[in-house]
Every structure is written in structure tokens, then in C-alpha cells.
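Step one of this worksheet: look at the structure below.
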2 protein chains.
Amino acid sequence: MVNETQHTCSASSSSKSDGGSSSGSESSKDSSRCSTPVLDADRHERLREKMRRRQDAGDKWFSLEFFPPRTANAAVNLISRFDRMGAGGPLFIDVTWHPAGDPGSDKETSSMIIANTAVNYCGLETILHMTCCNQTRDDITGHLQKAKRLGLKNIMALRGDPVGEEWEEEVDGFNYAVDLVKHIRNEFDDYFDICVAGYPKGHPEAESYEADLRHLKEKVFAGADFIITQLFFRSETFLKFMKDCQAIGITCPIIPGIFPIQGYHSLRQLVKLSKLEVPQEIKDVIEPIKDNDAAIRNYGVELAVSMCRELLDSGMVHGLHFYTLNREVATTEVLKRLGIWKEDPRRPLPWAVSAHPKRRVEDVRPIFWASRPKSYIYRTQEWDDFPNGRWGNSSSPAFGELKDYYLFYLKSKSPREELLKMWGEELTGEESVFEVFTCYITGEPNKNGHKVTCMPWNDDPLATETNLLKEQLEKVNRRGILTINSQPNINGKPSTDPIVGWGPSGGYVFQKAYLEFFTSSEIVTALLKVLKKYELRVNYHIVNVKGQNITNAPDLQPNAVTWGIFPGREIIQPTVVDPVSFLSWKDEAFALWIEQWAKLYEEESPSRMIIQYIHDNYYLVNLVDNDFPLENCLWQVVEDTFELLNSQTQQ
Amino acid sequence: MVNETQHTCSASSSSKSDGGSSSGSESSKDSSRCSTPVLDADRHERLREKMRRRQDAGDKWFSLEFFPPRTANAAVNLISRFDRMGAGGPLFIDVTWHPAGDPGSDKETSSMIIANTAVNYCGLETILHMTCCNQTRDDITGHLQKAKRLGLKNIMALRGDPVGEEWEEEVDGFNYAVDLVKHIRNEFDDYFDICVAGYPKGHPEAESYEADLRHLKEKVFAGADFIITQLFFRSETFLKFMKDCQAIGITCPIIPGIFPIQGYHSLRQLVKLSKLEVPQEIKDVIEPIKDNDAAIRNYGVELAVSMCRELLDSGMVHGLHFYTLNREVATTEVLKRLGIWKEDPRRPLPWAVSAHPKRRVEDVRPIFWASRPKSYIYRTQEWDDFPNGRWGNSSSPAFGELKDYYLFYLKSKSPREELLKMWGEELTGEESVFEVFTCYITGEPNKNGHKVTCMPWNDDPLATETNLLKEQLEKVNRRGILTINSQPNINGKPSTDPIVGWGPSGGYVFQKAYLEFFTSSEIVTALLKVLKKYELRVNYHIVNVKGQNITNAPDLQPNAVTWGIFPGREIIQPTVVDPVSFLSWKDEAFALWIEQWAKLYEEESPSRMIIQYIHDNYYLVNLVDNDFPLENCLWQVVEDTFELLNSQTQQ
């Protein structure tokens with residue numbers, strides 16, 4: 001809403017939605033015989049029900065508003081911010097509708113795609129804003145259909161700013177937000193939860209405060225589920241507004257919009273656009289410090305905290321909505337000081353759950369994408385069903401094609417120059433590559449003094465539990481076992497364990513040790529000899545880019561490598577080593593060498609040829625130690641392999 | 001086949017099959033997304049493939065022939081024998097067709113129903129014999145359809161003995177076994193594996209040995225998969241026959257029929273009917289000892305062992321077929337001395353797997369029927385699907401009705417007088433009932449000197465693993481916690497553990513402690529107070545005969561109480577405490593008080609009224625201790641309950 005006032009409205013975008021293509025959430029089969037245990041009640045509820053449940057439980061909650069970024073790079077940063085701020089436990093986030101930015105299109109920066117990313121890839125309950133003025137009925141229906149297809153379930157229905165100074169009502173057009181609310185309810189029944197805007201001081205264009213309240217009531221009676229208010233500067237303003245609403249029969253939740261002042265200029269611009277008046281006592285503080293950003297932000301935080309406390313203490317307010325302006329520090333600080341930032345290290349499953357309604361029963365994934373979860377979600381977005389409870393032999397429909405889109409858009413957070421510094425301006429041989437892998441594991445700077453903070457195979461920084469294996473990983477990477485994924489064995493740790501725990505409390509979690517790496521054919525030959533000794537204990541899959549595949553896995557069955565036992569439930573086995581999907585992962589894993597690393601260098605350059613050589617000749621290996629109660633034997637397997645190689649060279 | 005010669009052939013039975021009613025094995029959904037891990041390759045293979053696989057692996061195997069019993073009591077005993085001899089690992093058993101005994105009917109003693117029991121309830125690969133002479137095409141098709149419906153997959157196609165001395169071929173009738181083979185292949189395509197009979201000395205009615213070989217070749221070329229031979233007395237007889245068969249192009253497996261001589265009279269009768277001649281050297285030994293059964297049997301065992309050794313040593317024989325005459329000792333002895341009786345304590349799953357093709361993917365059952373597996377199979381025989389891999393909330397279709405059939409036929413192995421001796425000629429109060437339960441657990445005789453070897457809730461003797469709990473069980477039964485089912489907690493024992501192990505080797509098995517019992521409402525009241533202390537740790541279901549149901553289980557979800565982790569596989573969770581099916585079990589468990597115990601006594605007798613009182617007023621309770629890695633707390637729960645009761649009486 002703040003954002004809505006920041007931009008003047010252009011003519012309605014004519015982009016017809018044609019991207020995305022999942023086939024509607026109704027297709028998820030609730031009646032499946034193999035039902036999934038409900039790990040997380042949240043995943044089954046509508047937003048309005050979650051809101052009510054939190055209120056009934058006496059819980060305080062918060063939500064966060066973002067606007068779509070202007071550039072692809074900014075989009076990548078915003079998505080990282082979603083992940084970080086999502087960790088604080090917002091009830092939802094919302095993404096504003098930016099009419100000038102082709103908001104319903106498939107562009108990386110469109111409102112639609114940003115909201116899509118939040119819900120599907122970041123697993124956040126998300127509200128998509130939508131404005132209706134100067135748009136055709138078909139455009140609007142198209143946007144709504146697309147939103148539904150992408151898994152969005154909540155719409156903030158707004159009028160939007162009309163074009164030009166002299167605005168006239170269109171006959172049968174969408175003139176007010178209430179028209180949009182009615183349209184959504186007519187065309188989509190009760191599918192969407194609908195939010196509308198409330199103006200604690202009345203809309204600037206309304207005839208009067210009272211008339212504006214009546215308009216609000218119309219919107220609610222037309223089918224809106226709750227109200228978020230425009231920002232305000234004094235808690236009394238909101239509390240009076242809320243009482244006035246109740247007095248005329250508005251009973252749905254009303255959520256105050258909180259704007260922590262973050263800078264002099266953003267405040268001035270906002271005030272200009274929203275036609276709100278800043279109280280004199282605030283001006284008096286700000287004017288003298290207007291050039292000191294930090295001071296203004298500190299003051300803004302102070303002010304927001306004390307206003308929020310007053311609101312919460314009134315007993316009338318259960319949730320707070322924050323206008324973040326896409327910034328992180330001020331809002332996070334306010335939330336932490338209020339004690340409602342809930343960084344809960346417990347996860348419902350060991351991997352990040354997507355919030356798409358089709359995926360709400362998803363509870364098993366192959367381990368291969370553990371460090372590239374967004375790629376997995378992207379490549380399985382067309383699936384109508386997900387393996388439910390377990391991952392059968394023939395259970396995976398085709399994985400989506402490898403496309404530049406997910407190879408790049410959702411990962412490369414660093415520009416080319418940064419990557420070259422990390423991965424080497426010039427490679428002198430395979431050993432230079434070993435060095436890069438080793439530095440990534442150790443966190444030590446490379447020989448040019450740069451830390452290696454990301455790798456082509458990792459969306460995210462090294463997982464905390466990988467630290468348990470750090471010393472061993474360093475040793476093997478140095479010698480050409482180029483690890484891209486691993487987990488230690490776990491024999492029944494409490495489900496509340498801060499590092500490896502997941503799922504409801506009172507349970508026990510388990511893991512089989514896993515190690516995945518690229519390595520040379522010479523090492524593979526020795527490894528295979530060594531693996532004979534471990535035949536009954538270690539399962540392996542070894543494959544090269546051409547698809548030559550060596551395995552001892554029985555009948556292509558999946559091997560469960562992470563599972564949990566919980567009170568009163570069936571066993572959950574959320575991570576598997578699945579031989580069938582491994583071949584889809586293999587294509588992706590090998591492609592990343594070229595697409596993300598080799599292409600940093602000139603064609604025909606020695607550096608590029610080194611990476612190309614590795615791509616063409618190395619094998620991708622995964623190993624599982626099935627004896628999870630014993631000490632992980634995979635390091636011994638690698639040790640034995642190097643010993644065998646040494647003894648051969650000495651002969 | 002031995003049996004076939006023992007009975008003269010009556011007119012063909014006109015019984016049209018109308019029993020059974022499962023809906024064809026093709027309906028089992030192999031394409032289910034939630035595929036089951038293949039625990040036991042045997043369950044997926046056809047008999048002919050199993051035979052080939054064993055032969056390729058250089059394994060020696062055996063099979064066992066039985067004939068249908070004449071009385072219901074004998075049927076109950078034969079089924080126990082199936083279970084005991086099944087433990088030795090026969091590749092299959094076969095049940096002869098007894099034309100005089102209404103063989104295709106639904107009588108407990110019919111060939112069809114005995115074979116049905118063997119395959120469905122005892123989990124044995126089974127061949128049903130079928131004769132064709134003097135039967136209409138419709139009769140035969142009807143029998144075959146019924147056999148298919150019941151889950152039988154193998155037919156031994158025989159001519160049968162014609163009625164009367166002067167037999168004439170019927171035009172277009174079934175005159176020879178080859179007609180039946182052709183009919184099966186015409187009408188049922190490749191559905192059945194077909195076995196035919198071979199006569200090492202030629203059929204007694206054949207023109208010549210050579211002519212008989214040609215007939216055999218016709219049967220094989222018409223579609224038979226393998227041959228079982230008539231008995232013979234010298235290994236040379238069989239080996240010559242086999243070479244002669246091969247010489248004329250018979251390449252399918254030929255299995256020698258072994259008849260261990262078990263007594264003078266059975267031998268004489270057999271010889272008369274089969275028109276075989278007993279070699280003089282055998283007669284010379286037997287005649288002098290003809291009144292000493294034990295001596296004859298010892299000789300018969302000796303003879304069979306040495307003949308079987310010669311056969312196996314020839315390298316031409318991989319499997320041996322035994323004519324058991326429904327007896328156990330001689331055949332078992334021969335098999336043990338040959339070293340091919342494989343009493344393997346390892347089970348593919350913790351419960352006995354049914355061999356019905358529809359059930360081959362069944363891998364989870366509620367724990368409640370652990371001591372009444374045949375009742376569970378009976379009550380779920382109409383299911384088209386089984387919960388596959390896990391037991392979802394709504395996954396169980398209706399359980400079959402409680403009927404006298406399974407309440408009685410498949411259990412009460414003891415006559416009324418026996419039961420009265422065990423369970424009390426006259427009960428004097430609830431304490432007399434406590435005493436019965438206690439004696440069953442301890443194995444001590446009751447006060448009248450009789451051991452209690454069975455209870456209404458147990459098909460089988462006390463499970464070995466229950467011994468782990470014996471001392472505790474005795475203590476609580478004495479005080480009115482009448483236990484009917486229990487298992488100890490297990491925290492990762494090897495899957496090869498002789499007592500609690502199951503599944504492939506190299507795995508680990510786990511259990512949550514479970515306790516199920518009847519008890520008075522007074523004890524339940526105290527128990528519920530105590531359970532508050534254990535709220536997060538213990539799940540309970542408490543129900544009375546009227547269905548009043550008290551539970552702390554979340555959302556009616558099943559609780560996995562037995563599971564196994566195996567190399568290269570998904571996790572198997574074969575036993576659950578399922579709240580929905582518990583209510584079906586409850587009806588059965590309460591009914592057993594009346595049907596099996598109360599009805600032993602006169603109406604209105606005090607004994608009967610005591611049981612009736614318990615039936616009407618007691619509760620059925622189940623408890624699960626979710627903390628499987630810790631010491632089982634359920635005994636402490638019961639201890640606390642008694643303490644609470646004591647403290648209340650003292651006040």
C-alpha cells in the first residue's frame with residue numbers, strides 16, 4: 001500500500017498471462033489411500049483460519065509488505081531477504097502490484113513472479129496485491145487465473161491510482177476496490193482469501209471520514225476477509241478507527257499497518273504521495289538530524305516499538321503489518337524488541353517446504369537437490385502428484401527440462417567478477433579446481449586472498465550440519481574428491497536438536513551417512529575395487545556425463561537416508577537416494593560445470609578447457625553407509641581408495 | 001497323485017462355485033505412485049520362475065503333497081501342519097482333488113477350501129490338483145474361475161480315474177489330462193502355472209512305456225510348465241525316465257515324487273491302487289517287521305534318504321516332491337537328514353504374509369490382530385487394495401462382518417471339554433478369570449492341574465518375544481489387567497535377531513512398547529489420572545463394548561510401532577496402532593468373550609454371568625510408549641495405577 005502510493009499509475013498492462021502452467025490446486029488428491037501424516041497444521045489452513053487460530057490462542061503475530069524490485073539482480077537479493085525474514089516467522093508477506101512494471105507478466109521482476117517465488121520457493125504464505133482501475137474485466141480475470149495457477153491463495157483488492165488528474169467513473173468498469181472484491185467472489189467463489197485496505201484517517205479522496213467507513217463496510221460485505229490499514233503515526237488514530245469500524249458492524253480482523261521511519265527522504269516522499277500529515281512532535285525530532293540516517297532509523301525504531309506496544313497492550317490488536325520498504329534492519333529490530341520475531345530453529349521437515357497448495361502433502365524428496373531446493377521445486381512444478389509418504393520405484397513423473405532460467409535466475413547471486421575472484425581468474429590444472437572446493441569447505445581465503453562463499457551446486461551457504469564433517473571434507477577435496485553434498489549419520493537424536501532436528505517435538509531423527517562428489521576415472525577405478533569390501537554396507541551410484549551408470553542398488557529402489565519417529569504417528573522419511581531421479585540430477589550437476597563455471601572464461605582458453613575436461617571425464621558418485629548406528633565408514637572407503645592408488649604408483 | 005489313486009472316481013460334482021468373492025487379482029494396482037519396496041522377491045514371481053531361479057542358483061528345494069481331510073476337526077489339524085511344515089521352507093505344497101469329497105465346494109474339507117487356506121492364511125505357494133474326466137466343460141471352467149478368484153495360481157492337470165471298469169472316450173469331452181491343459185490355456189491364457197503327471201514306469205493303462213512318454217510330451221507341448229512324477233522305488237528308474245524324456249524333446253523341469261514308506265498297510269494299499277510293484281529287496285526287509293510301525297518308518301526314512309541322495313548327486317535333480325500322506329514325522333526327518341529342511345527364523349515381515357496375489361504388496365497391518373492373523377486375513381479378503389507402505393487415516397475400507405465362520409472355524413482347536421478344563425468348569429468371580437489369564441502367561445497349571453495353552457484372543461501359542469515380558473505380564477494379570485497383546489520396545493536390533501528380527505539381512509529393526517488389555521472401569525479411572533503424567537510419552541485408546549472411546553491420539557493418525565531400516569531401501573513400517581481399525585477389532589475382541597468363553601456355560605449359570613459382566617463392563621485399553629530408546633514405561637504406568645488405587649482404598 002505504501003508502494004501503491006509511490007508510483008503513478010500507467011495504463012493497464014496488456015500482458016496476457018500465459019506463463020506458469022500447473023493445473024489447479026483442486027487436483028491434489030486428498031482421498032489417496034496412502035495419506036500423509038499431518039506434520040504441520042499450517043499447511044492445511046487458509047490464511048483467515050490461521051489468523052483466527054492465532055488470535056484464539058492469544059498469540060501475537062506480524063506480517064511483512066514488499067514491493068517488486070526493478071532489476072533481476074535486485075530480485076535475487078529480495079528473494080534472499082524473503083528467506084532471511086521468513087525465518088522470523090511472519091504469518092504472511094504481501095507483494096504490491098506495480099502497474100508500471102507489467103505486474104502480471106512472467107518477467108523476473110513482476111509482482112506476479114515475485115509473489116510466485118515467495119509462495120513456491122520460499123514457502124511463505126503470500127498475498128498478492130491487485131489493482132483494478134483502468135483495466136478490463138478480461139485482464140483482471142486473467143491475472144487472477146494465473147495467480148491461482150501459480151499457487152497464490154490470497155489477494156489484496158485495491159482500486160489503484162487512476163491515470164491523470166481528472167478521473168471519471170467508467171460505466172460497468174472497475175471503479176472501486178469493491179468492484180474487484182465482487183468480481184473475485186463472482187468468478188472464483190471462495191477460492192481466494194481477500195484483503196482490503198482501510199484508512200484510519202479516511203481515504204484522502206473520500207467525501208468524509210464517515211463516508212469512507214461506509215465504503216470500507218461495503219468492501220467487507222462484498223466478501224473481504226480482513227482489512228489492512230494505511231500507515232498512521234499515533235496508536236490512538238488506529239484504535240479510534242477500529243472502534244468506529246466495529247460501531248458500524250465491521251467485525252472482520254483489522255490489522256494496523258506499521259511504518260518504521262527509516263530515513264528522511266523516504267518519509268518525505270511517502271507523506272507527499274499518501275497525503276498524510278506527519279505530527280509536529282515527530283517533525284521536531286527529525287528535522288535536526290535529517291542528515292544522520294542511523295539516528296533517524298534509531299528514532300524510527302523507537303517510535304514504532306512504543307506505538308506497537310500501545311496497540312498490543314490495548315488488547316484489540318493481535319497482528320501487526322509492517323511496511324518494510326524492502327529493507328530488513330529496522331523492521332527486524334522492531335520485531336525483536338517487541339519479542340514477536342520467532343526464530344525457531346525447528347523445521348517441519350529437513351528441507352524447506354513450499355507453500356503451493358498442490359505441494360502441501362509433499363513429504364519426500366531426493367537428497368540430490370538438498371543444496372538447490374529451488375531448482376527441485378522448479379523442475380517438479382508441473383507434477384500433479386508428489387510421492388506421498390514414500391518415493392516408489394516408478395513414482396517420479398518426468399522432471400522439468402534443464403533451462404537457463406533455473407540454472408541462473410535463482411542462484412547466481414554474485415556477478416561474474418566476484419565469481420572469477422572466488423573460482424579463479426585463471427586455472428592452471430585440475431588442482432586449481434580442487435583448491436576452490438577446498439576453500440569453500442574450510443572458509444579460508446584462496447591464494448589470491450578471496451573467500452569462496454558459493455559454488456555452482458549450492459543455492460545457500462554451507463549447511464550447519466556440514467560443519468560436523470568439515471575436517472574430513474577438507475582432506476578429501478584437497479585430493480580430488482570434489483564433494484558437492486553430504487550428511488553425517490545420526491542414530492536417534494531428539495527431534496528438537498538445534499542442528500539436525502526437525503518435525504514435532506518428542507520424536508527422534510535418524511540419518512544414514514551420505515557423500516556425493518565428482519572425481520576422476522582413475523579414482524573411480526580404485527574406488528570400485530575398494531567398494532567390493534563394503535558390498536553389503538555401502539550403496540553406490542557412479543555415473544558420468546554420458547550416462548554410464550555403475551550401481552549396486554537393488555532393483556532401482558530408493559534408499560531412505562533421513563527419517564523420523566514421532567509420538568502417535570507413522571514414520572516420516574523425507575529424504576531418499578532415488579536412483580531414477582539421480583539421472584535427472586546428473587544432467588543438472590554436470591551442466592552446472594559448463595553453464596556456471598566454464599562460461600566465465602573465454603572460449604578456447606586453458607581455464608575453460610580444464611573445466612570442460614572435468615565435465616567430460618569425471619564421474620559423479622554417491623555413497624550411502626547403511627549402517628547408521630556404527631561409525632560412518634565412508635571416510636574409510638575414501639582413505640582405502642587413496643591407499644590403493646598410492647600402492648599402485650609405488651609399484 | 002498318490003491320493004488320486006486312493007479314491008475311485010464318483011460322478012462329477014455339480015456344485016457350482018459361488019463362494020468367495022474377491023474381485024480378481026488384476027485389480028491390484030502395480031502402478032500406484034506409492035510403490036512398496038520389494039522385501040521378498042518370491043512374492044512377485046510365478047512358481048515356474050521361482051523354480052528356475054532356485055535351479056540357476058544351484059539351490060536344492062522340496063515340495064509337499066497333502067490330500068483334503070475328511071472332517072472339520074481334521075481340517076483344523078491339517079492347517080496347523082501347514083504352518084509347521086511351511087516353516088521348513090517348501091517351494092510349494094499341493095492339495096489333491098478329491099472327486100468324492102465335493103472338491104470345488106465351500107465345505108471346510110473341500111480341496112478348493114483347503115488350498116485356499118494354504119495360500120491365503122498360511123502364505124504357502126500352492127498347487128491345486130484338478131481332474132477332468134466325467135466332468136462338463138462348464139464345471140471345470142467354474143472350478144478354475146473360483147480357484148483364480150481365491151488367489152490360486154497353479155493347477156496340477158490330471159485325468160482322474162474314470163467311473164466303472166469299461167471306460168469309453170467321450171466325443172468332445174475331457175478324456176485325457178492333455179484336454180484339461182489345453183482348456184486351461186484356451187480359457188485362462190497364461191494365468192495359471194500348469195503341472196502334469198509323469199509316470200517313470202509308464203502309466204499302468206498305457207499301451208507301452210514309449211506311448212506314455214509321447215502322451216507326456218503332448219501335455220507339455222499343450223502348455224504344461226513342469227512335471228511331477230508318480231512315486232518309484234529306485235533312483236535309476238527316475239533317472240532313466242528323465243533321460244528318455246529329454247531324448248524326445250521334453251525340456252521342462254521334471255520333479256521326482258518321493259514316497260517315504262511310513263507303514264505296512266499304507267504301502268500295500270498304495271501298491272494295489274497304483275499298480276506299482278515293490279522291489280523284492282524292499283519286501284524282504286518289510287515283511288519280517290510288518291507289525292512294528294516305528295521300525296518300518298525308520299527303514300522308510302533310511303530308504304528315502306539314500307534314494308534322494310542318489311538323485312541329488314546325479315546333478316539332474318534340483319527339487320524333490322514328497323507324498324506326505326498328510327503325515328509330518330517321516331517327511332520332516334528325511335528333509336532334515338538331507339539338509340534341505342530350512343527352518344529359517346527370519347521372516348520377511350513381522351507377521352505371516354499371505355500368498356494371495358492381491359496381497360503381495362500388503363506390507364502394513366494393525367497390531368491388534370497380531371495373535372489372530374487368520375481372522376485379519378478373513379476380514380480383509382474383500383479389499384481390492386491394501387494400505388501400501390503406510391496406513392493412512394482413511395485408508396481402511398470396511399472390515400468384513402463378524403461371523404461365526406472366523407470366530408470358530410479357524411481357531412478353536414480344542415473341544416469344549418478341553419476348554420472348560422483350561423478356562424474353568426465353574427467360575428467363582430472375576431478373580432477366576434484373572435487366574436486363567438495368569439496361567440496362560442506363566443505356563444503353570446491352573447488349580448485343577450490343567451495348563452492353559454490357548455485363549456480366545458490367540459490363534460497361536462504365546463509368541464517367543466512375549467517371553468521377554470513374561471514376569472511383568474504375570475504380575476499385572478494377577479491384578480486384573482487382562483493382557484491380550486503386547487510387544488517390548490526394541491531400539492535397533494539386527495534384522496537377523498532370532499527373536500525379534502525380520503526382513504532382509506543387514507538391517508535394523510525397531511519397536512515401540514505396546515500393551516493391550518481388558519480391565520475394569522475402576523482401574524481405567526485410576527489409569528486415566530496416571531496417564532496425565534505421561535501425556536507426551538504414552539498414546540492410549542480406551543474403549544468399552546458400547547464404543548465409548550477415550551484417546552489422546554492426534555487426529556486419528558496411525559502410530560507406527562514396528563519398523564525396519566534396511567540397506568538400499570525405503571523404511572518399512574509393517575505394524576501400526578491404527579485408531580480407525582481399532583474399533584473393528586474392539587467388536588471382535590469383545591465378541592470373543594461371549595462366543596468362545598461365556599457360551600461354554602449354561603445360560604443363566606453364574607459362570608456365564610461372570611463373563612457376561614466382564615463383557616458388558618470392562619474396557620479394552622491399548623497403550624504405546626513412544627520413547628522407544630528409553631526403558632519401557634508402560635509397566636510403571638500400571639504400577640502407578642495400582643499405587644493410586646491402593647492409596648485411595650487406604651483413605
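Scheme for the C-alpha cells: letters A, B, ... for chains in order shown; per-chain residue numbers from 1; ligand numbers from 1 in order shown.
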List every residue of region 72-179 of chain A that DSSP, applied to the backbone, labels as strand (DSSP E or B), and write the result as a list in words. Phe92, Ile93, Asp94, Val95, Thr126, Ile127, Leu128, His129, Met130, Thr131, Asn154, Ile155, Met156, Ala157 and Leu158 of chain A
Save out the residues we just selected, C-alpha atoms, as a PDB file, in the first residue's frame.
ATOM      1  CA  PHE A  92       2.294 -13.852   5.708  1.00  0.00           C
ATOM      2  CA  ILE A  93       4.086 -11.476   3.384  1.00  0.00           C
ATOM      3  CA  ASP A  94       2.455  -9.393   0.696  1.00  0.00           C
ATOM      4  CA  VAL A  95       3.756  -8.164  -2.620  1.00  0.00           C
ATOM      5  CA  THR A 126       1.707 -14.734   0.438  1.00  0.00           C
ATOM      6  CA  ILE A 127      -0.843 -12.084  -0.503  1.00  0.00           C
ATOM      7  CA  LEU A 128      -0.650 -10.658  -3.984  1.00  0.00           C
ATOM      8  CA  HIS A 129      -1.927  -7.103  -4.333  1.00  0.00           C
ATOM      9  CA  MET A 130      -4.061  -6.349  -7.355  1.00  0.00           C
ATOM     10  CA  THR A 131      -5.467  -3.050  -8.589  1.00  0.00           C
ATOM     11  CA  ASN A 154      -4.734 -14.544  -1.187  1.00  0.00           C
ATOM     12  CA  ILE A 155      -5.477 -11.270  -2.965  1.00  0.00           C
ATOM     13  CA  MET A 156      -5.346  -7.713  -1.646  1.00  0.00           C
ATOM     14  CA  ALA A 157      -8.058  -5.996  -3.689  1.00  0.00           C
ATOM     15  CA  LEU A 158      -7.299  -2.327  -4.402  1.00  0.00           C
TER      16      LEU A 158
END
So that I can check the surroundings of region 203-211 of chain B, please list as a PyMOL selection string every protein, DNA and RNA residue that reaches within 8 Å of it, counting only C-alpha atoms and ignoring chain neighbours fewer than 3 positions away. chain B and resi 199+214-215+274-275
Produce a file of the selected residues containing C-alpha atoms, as a PDB file, in the first residue's frame.
ATOM      1  CA  TYR B 199       4.984 -91.992 -14.860  1.00  0.00           C
ATOM      2  CA  ARG B 214       4.619 -89.477 -26.143  1.00  0.00           C
ATOM      3  CA  HIS B 215       1.462 -88.618 -24.171  1.00  0.00           C
ATOM      4  CA  SER B 274      -1.124 -97.581  -8.287  1.00  0.00           C
ATOM      5  CA  LYS B 275      -0.392-100.968  -9.770  1.00  0.00           C
TER       6      LYS B 275
END
For Lys470 (chain B): contacts at 9 Å, only C-alpha atoms, fewer than 5 positions along chain excluded, given as number ranges by chain: B: 441-442, 475
Find the spatial neighbours of region 169-179 of chain B, counting only C-alpha atoms, within a cut-off of 6 Å - ignore same-chain residues fewer than 3 positions away - and output them as a ChimeraX atom specification. /B:132-133,157-159,182,219
As a PyMOL selection string, list the residues of region 152-399 of chain A assigned to alpha helix (DSSP H) by DSSP on the backbone atoms of this structure. chain A and resi 177-188+209-221+235-247+264-274+280-286+293-313+329-338+373-379
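In terms of minimum interatomic distance to chain B, A:His541 ranks closest within A:His541, A:Lys532, A:Arg479, A:Arg337, counting only C-alpha atoms.
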Name all residues at most 6 Å from region 494-507 of chain A (count only C-alpha atoms; drop same-chain ones fewer than 6 positions away) and give them as a list of chain:residue names. A:Arg346, A:Arg347, A:Pro348, A:Leu349, A:Pro350, A:Ile565, A:Phe566
For Glu522 (chain A), work out the shell of residues within 12 Å, counting only C-alpha atoms and skipping chain neighbours fewer than 2 positions away, then give it as an mmCIF file with C-alpha atoms, in the first residue's frame.
data_model
loop_
_atom_site.group_PDB
_atom_site.id
_atom_site.type_symbol
_atom_site.label_atom_id
_atom_site.label_comp_id
_atom_site.auth_asym_id
_atom_site.auth_seq_id
_atom_site.Cartn_x
_atom_site.Cartn_y
_atom_site.Cartn_z
ATOM 1 C CA GLY A 480 40.374 -34.586 -5.849
ATOM 2 C CA ILE A 481 37.208 -35.965 -4.289
ATOM 3 C CA PHE A 518 32.814 -35.575 -8.634
ATOM 4 C CA THR A 519 36.051 -37.422 -9.197
ATOM 5 C CA SER A 520 38.364 -38.691 -11.902
ATOM 6 C CA VAL A 524 36.686 -44.318 -9.588
ATOM 7 C CA THR A 525 38.567 -47.419 -10.737
ATOM 8 C CA ALA A 526 40.297 -47.712 -7.382
ATOM 9 C CA LEU A 527 37.095 -46.844 -5.513
ATOM 10 C CA LEU A 528 35.211 -49.673 -7.195
ATOM 11 C CA LYS A 529 37.848 -52.151 -6.054
ATOM 12 C CA ASN A 617 35.777 -37.097 -17.965
ATOM 13 C CA TYR A 618 34.879 -37.024 -14.287
ATOM 14 C CA TYR A 619 32.266 -39.209 -12.635
ATOM 15 C CA THR A 641 40.891 -45.766 -2.160
ATOM 16 C CA PHE A 642 43.788 -43.342 -1.786
ATOM 17 C CA LEU A 644 45.204 -48.382 -3.059
ATOM 18 C CA LEU A 645 46.189 -45.636 -5.515
ATOM 19 C CA ASN A 646 49.382 -44.919 -3.586
ATOM 20 C CA GLN A 648 49.800 -48.761 -7.263
ATOM 21 C CA THR A 649 52.003 -45.745 -8.016
#
